[in-house]
Protein chains: 2
Amino acid sequence: MQISKGVEWAVHCCTVIALVGEGRGLNAEALSEFFEVPGPYLAKQLQALSRAGLLESMRGKHGGYRLARSVDAISLLDIVLAVEGPGPAFRCTEIRQNGPCGVPRKECRRPCEVAAAFADAEAAWRDALRRRSLASIMQEASAGSTPGHLLEIVEWVRQKTDPVA
Amino acid sequence: MQISKGVEWAVHCCTVIALVGEGRGLNAEALSEFFEVPGPYLAKQLQALSRAGLLESMRGKHGGYRLARSVDAISLLDIVLAVEGPGPAFRCTEIRQNGPCGVPRKECRRPCEVAAAFADAEAAWRDALRRRSLASIMQEASAGSTPGHLLEIVEWVRQKTDPVA
Ligand code: FES
Ligand code: FES
């Protein structure tokens, strides 16, 4: 099982986009520079976040992405599902119905015990990620950082989003 | 995020291998027939289970796989990790260290908040799967089945593993 690195990128991008001032937007190019990651793959993740309603894009010369909701209203689960798709990690192919001793289809109305156990585990995983808001991640990150470093990031974002710059 | 269908196959194979009698083994070919799945890919999963110490293989004309431990001592987590590998689903590439505002490496001794949150979620997922033994899955499956169907499976396994057959 593997979560694509697009998820790491997307979460970190959201923490930076959260710093964009009113009426501004941060574009994909700036974010790819900020994190030194390839632009085209990053652009795909940002589009996925946008399609999922987590980002909104501002058009125009100084356009770019903004958060479409407050940092309290975006969870890590929202971001993972936007990037990885909403489907479950475990997909049952109904292997129990196959072969010489297969369970007849009409007796398979309830999910297989194995599939149900994986669904339970995945629900626990999702719950844990649903409980973690972007706000809480940013708070923890600030607490572990220095005021100087935070100012540096805020200043970088300001420069990249300032229409006068 | 996606769990390979090899996990579904592997768990179901273990529930059948659990029925093999003392001193016998069930081979990959029989299992591929039982579940109507392609032999080579199934063989790979069985080898992975074997490498992880969940199955042992009996040599010889009537050889094949047996469980290496009791059904109580094999969890769904054991099977997933055997098939998918032991690594975490979320892998942090330390993207926080990149770019013009990167966090200096020496300040990155603690895991990033994002990586820590994903590790917590994955621990919850693993705990849920660790709590589900092969025994409990087989009990539930039996409870939802008919005595006739269970006998059919036991008989099929007996025929495939009987040296006289
Ligand atoms: S039939 Fe799909 S998990 Fe059992
Ligand atoms: S640096 Fe990897 S998750 Fe934050």
# chains A, B, ... in the order shown; residues from 1 in each chain; ligands from 1

call {"tool": "select_by_dssp", "arguments": {"residues": "range 5-165 of chain B", "states": "strand (DSSP E)", "output": "number ranges by chain"}}
result
B: 55-58, 64-67

call {"tool": "closest_atom_pairs", "arguments": {"of": "chain B", "to": "ligand 2", "cutoff": "9 Å", "atoms": "only C-alpha atoms and all ligand atoms", "output": "JSON lines"}}
result
{"residue": "B:Phe90", "atom": "CA", "partner": "ligand 2", "partner_atom_place_in_ligand_line": "3 (S)", "distance": 8.4}
{"residue": "B:Arg91", "atom": "CA", "partner": "ligand 2", "partner_atom_place_in_ligand_line": "2 (Fe)", "distance": 7.3}
{"residue": "B:Cys92", "atom": "CA", "partner": "ligand 2", "partner_atom_place_in_ligand_line": "2 (Fe)", "distance": 3.7}
{"residue": "B:Thr93", "atom": "CA", "partner": "ligand 2", "partner_atom_place_in_ligand_line": "2 (Fe)", "distance": 5.0}
{"residue": "B:Glu94", "atom": "CA", "partner": "ligand 2", "partner_atom_place_in_ligand_line": "1 (S)", "distance": 3.6}
{"residue": "B:Ile95", "atom": "CA", "partner": "ligand 2", "partner_atom_place_in_ligand_line": "1 (S)", "distance": 4.4}
{"residue": "B:Arg96", "atom": "CA", "partner": "ligand 2", "partner_atom_place_in_ligand_line": "1 (S)", "distance": 4.2}
{"residue": "B:Gln97", "atom": "CA", "partner": "ligand 2", "partner_atom_place_in_ligand_line": "1 (S)", "distance": 6.9}
{"residue": "B:Asn98", "atom": "CA", "partner": "ligand 2", "partner_atom_place_in_ligand_line": "1 (S)", "distance": 8.9}
{"residue": "B:Cys108", "atom": "CA", "partner": "ligand 2", "partner_atom_place_in_ligand_line": "1 (S)", "distance": 8.8}
{"residue": "B:Pro111", "atom": "CA", "partner": "ligand 2", "partner_atom_place_in_ligand_line": "4 (Fe)", "distance": 7.5}
{"residue": "B:Cys112", "atom": "CA", "partner": "ligand 2", "partner_atom_place_in_ligand_line": "4 (Fe)", "distance": 4.5}
{"residue": "B:Glu113", "atom": "CA", "partner": "ligand 2", "partner_atom_place_in_ligand_line": "4 (Fe)", "distance": 6.3}
{"residue": "B:Val114", "atom": "CA", "partner": "ligand 2", "partner_atom_place_in_ligand_line": "3 (S)", "distance": 4.6}
{"residue": "B:Ala115", "atom": "CA", "partner": "ligand 2", "partner_atom_place_in_ligand_line": "3 (S)", "distance": 4.1}
{"residue": "B:Ala116", "atom": "CA", "partner": "ligand 2", "partner_atom_place_in_ligand_line": "3 (S)", "distance": 7.7}
{"residue": "B:Ala117", "atom": "CA", "partner": "ligand 2", "partner_atom_place_in_ligand_line": "3 (S)", "distance": 8.8}
{"residue": "B:Phe118", "atom": "CA", "partner": "ligand 2", "partner_atom_place_in_ligand_line": "3 (S)", "distance": 8.3}

call {"tool": "closest_residue", "arguments": {"among": "B:Met1, B:Leu150, B:Ile74, B:Ala10", "to": "ligand 1", "atoms": "only C-alpha atoms and all ligand atoms"}}
result
B:Ala10

call {"tool": "closest_residue", "arguments": {"among": "A:Ala30, A:Ala119, A:Val83, A:Leu46", "to": "ligand 1", "atoms": "only C-alpha atoms and all ligand atoms"}}
result
A:Ala119

call {"tool": "interface_residues", "arguments": {"of": "chain B", "to": "chain A", "cutoff": "6 Å", "atoms": "only C-alpha atoms", "output": "PyMOL selection string"}}
result
chain B and resi 1-3+34-36+84+89-90+98-99+121+124-125+128

call {"tool": "residues_around", "arguments": {"residues": "range 22-27 of chain B", "least_positions_apart": "5", "cutoff": "7 Å", "atoms": "only C-alpha atoms", "output": "number ranges by chain"}}
result
B: 17, 58, 62-66, 160-161

call {"tool": "write_last_selection", "arguments": {"atoms": "N, CA and C atoms", "output": "JSON list (two decimals), in the first residue's frame"}}
result
[["chain", "number", "residue", "atom", "x", "y", "z"],
["B", 17, "ILE", "N", -6.16, -22.89, 3.17],
["B", 17, "ILE", "CA", -4.97, -23.65, 3.60],
["B", 17, "ILE", "C", -5.14, -24.10, 5.06],
["B", 58, "MET", "N", 5.65, -27.83, 2.14],
["B", 58, "MET", "CA", 6.04, -29.24, 2.23],
["B", 58, "MET", "C", 6.54, -29.66, 0.86],
["B", 62, "HIS", "N", 3.28, -34.83, -3.07],
["B", 62, "HIS", "CA", 2.03, -34.34, -2.52],
["B", 62, "HIS", "C", 2.24, -33.11, -1.65],
["B", 63, "GLY", "N", 3.32, -32.42, -1.96],
["B", 63, "GLY", "CA", 3.67, -31.24, -1.18],
["B", 63, "GLY", "C", 2.76, -30.06, -1.47],
["B", 64, "GLY", "N", 3.07, -28.98, -0.81],
["B", 64, "GLY", "CA", 2.27, -27.77, -0.97],
["B", 64, "GLY", "C", 2.38, -26.93, 0.29],
["B", 65, "TYR", "N", 1.47, -26.00, 0.42],
["B", 65, "TYR", "CA", 1.53, -25.08, 1.55],
["B", 65, "TYR", "C", 0.68, -25.52, 2.72],
["B", 66, "ARG", "N", 1.18, -25.23, 3.91],
["B", 66, "ARG", "CA", 0.45, -25.36, 5.17],
["B", 66, "ARG", "C", 0.61, -24.05, 5.93],
["B", 160, "LYS", "N", -7.71, -32.80, -2.69],
["B", 160, "LYS", "CA", -6.53, -32.20, -3.31],
["B", 160, "LYS", "C", -5.26, -32.49, -2.54],
["B", 161, "THR", "N", -5.40, -32.88, -1.28],
["B", 161, "THR", "CA", -4.21, -33.07, -0.45],
["B", 161, "THR", "C", -4.01, -34.52, -0.05]]

call {"tool": "closest_residue", "arguments": {"among": "B:Ser133, B:Gln45, B:Ser50, B:Ser142", "to": "Ser70 in chain B", "atoms": "only C-alpha atoms"}}
result
B:Ser133

call {"tool": "select_by_dssp", "arguments": {"residues": "chain B", "states": "alpha helix (DSSP H)", "output": "number ranges by chain"}}
result
B: 5-17, 28-34, 39-51, 76-84, 113-130, 134-143, 147-161

call {"tool": "atom_distance", "arguments": {"atom1": "CA of Tyr41 in chain B", "atom2": "CA of Gly60 in chain B"}}
result
22.3 Å

call {"tool": "residues_around", "arguments": {"residues": "Cys14 in chain A", "least_positions_apart": "6", "cutoff": "9 Å", "atoms": "only C-alpha atoms", "output": "ChimeraX atom specification"}}
result
/A:54-55,66-67,71,79,134

call {"tool": "closest_residue", "arguments": {"among": "B:Gly6, B:Pro147, B:Pro104, B:Pro40", "to": "ligand 1", "atoms": "only C-alpha atoms and all ligand atoms"}}
result
B:Gly6
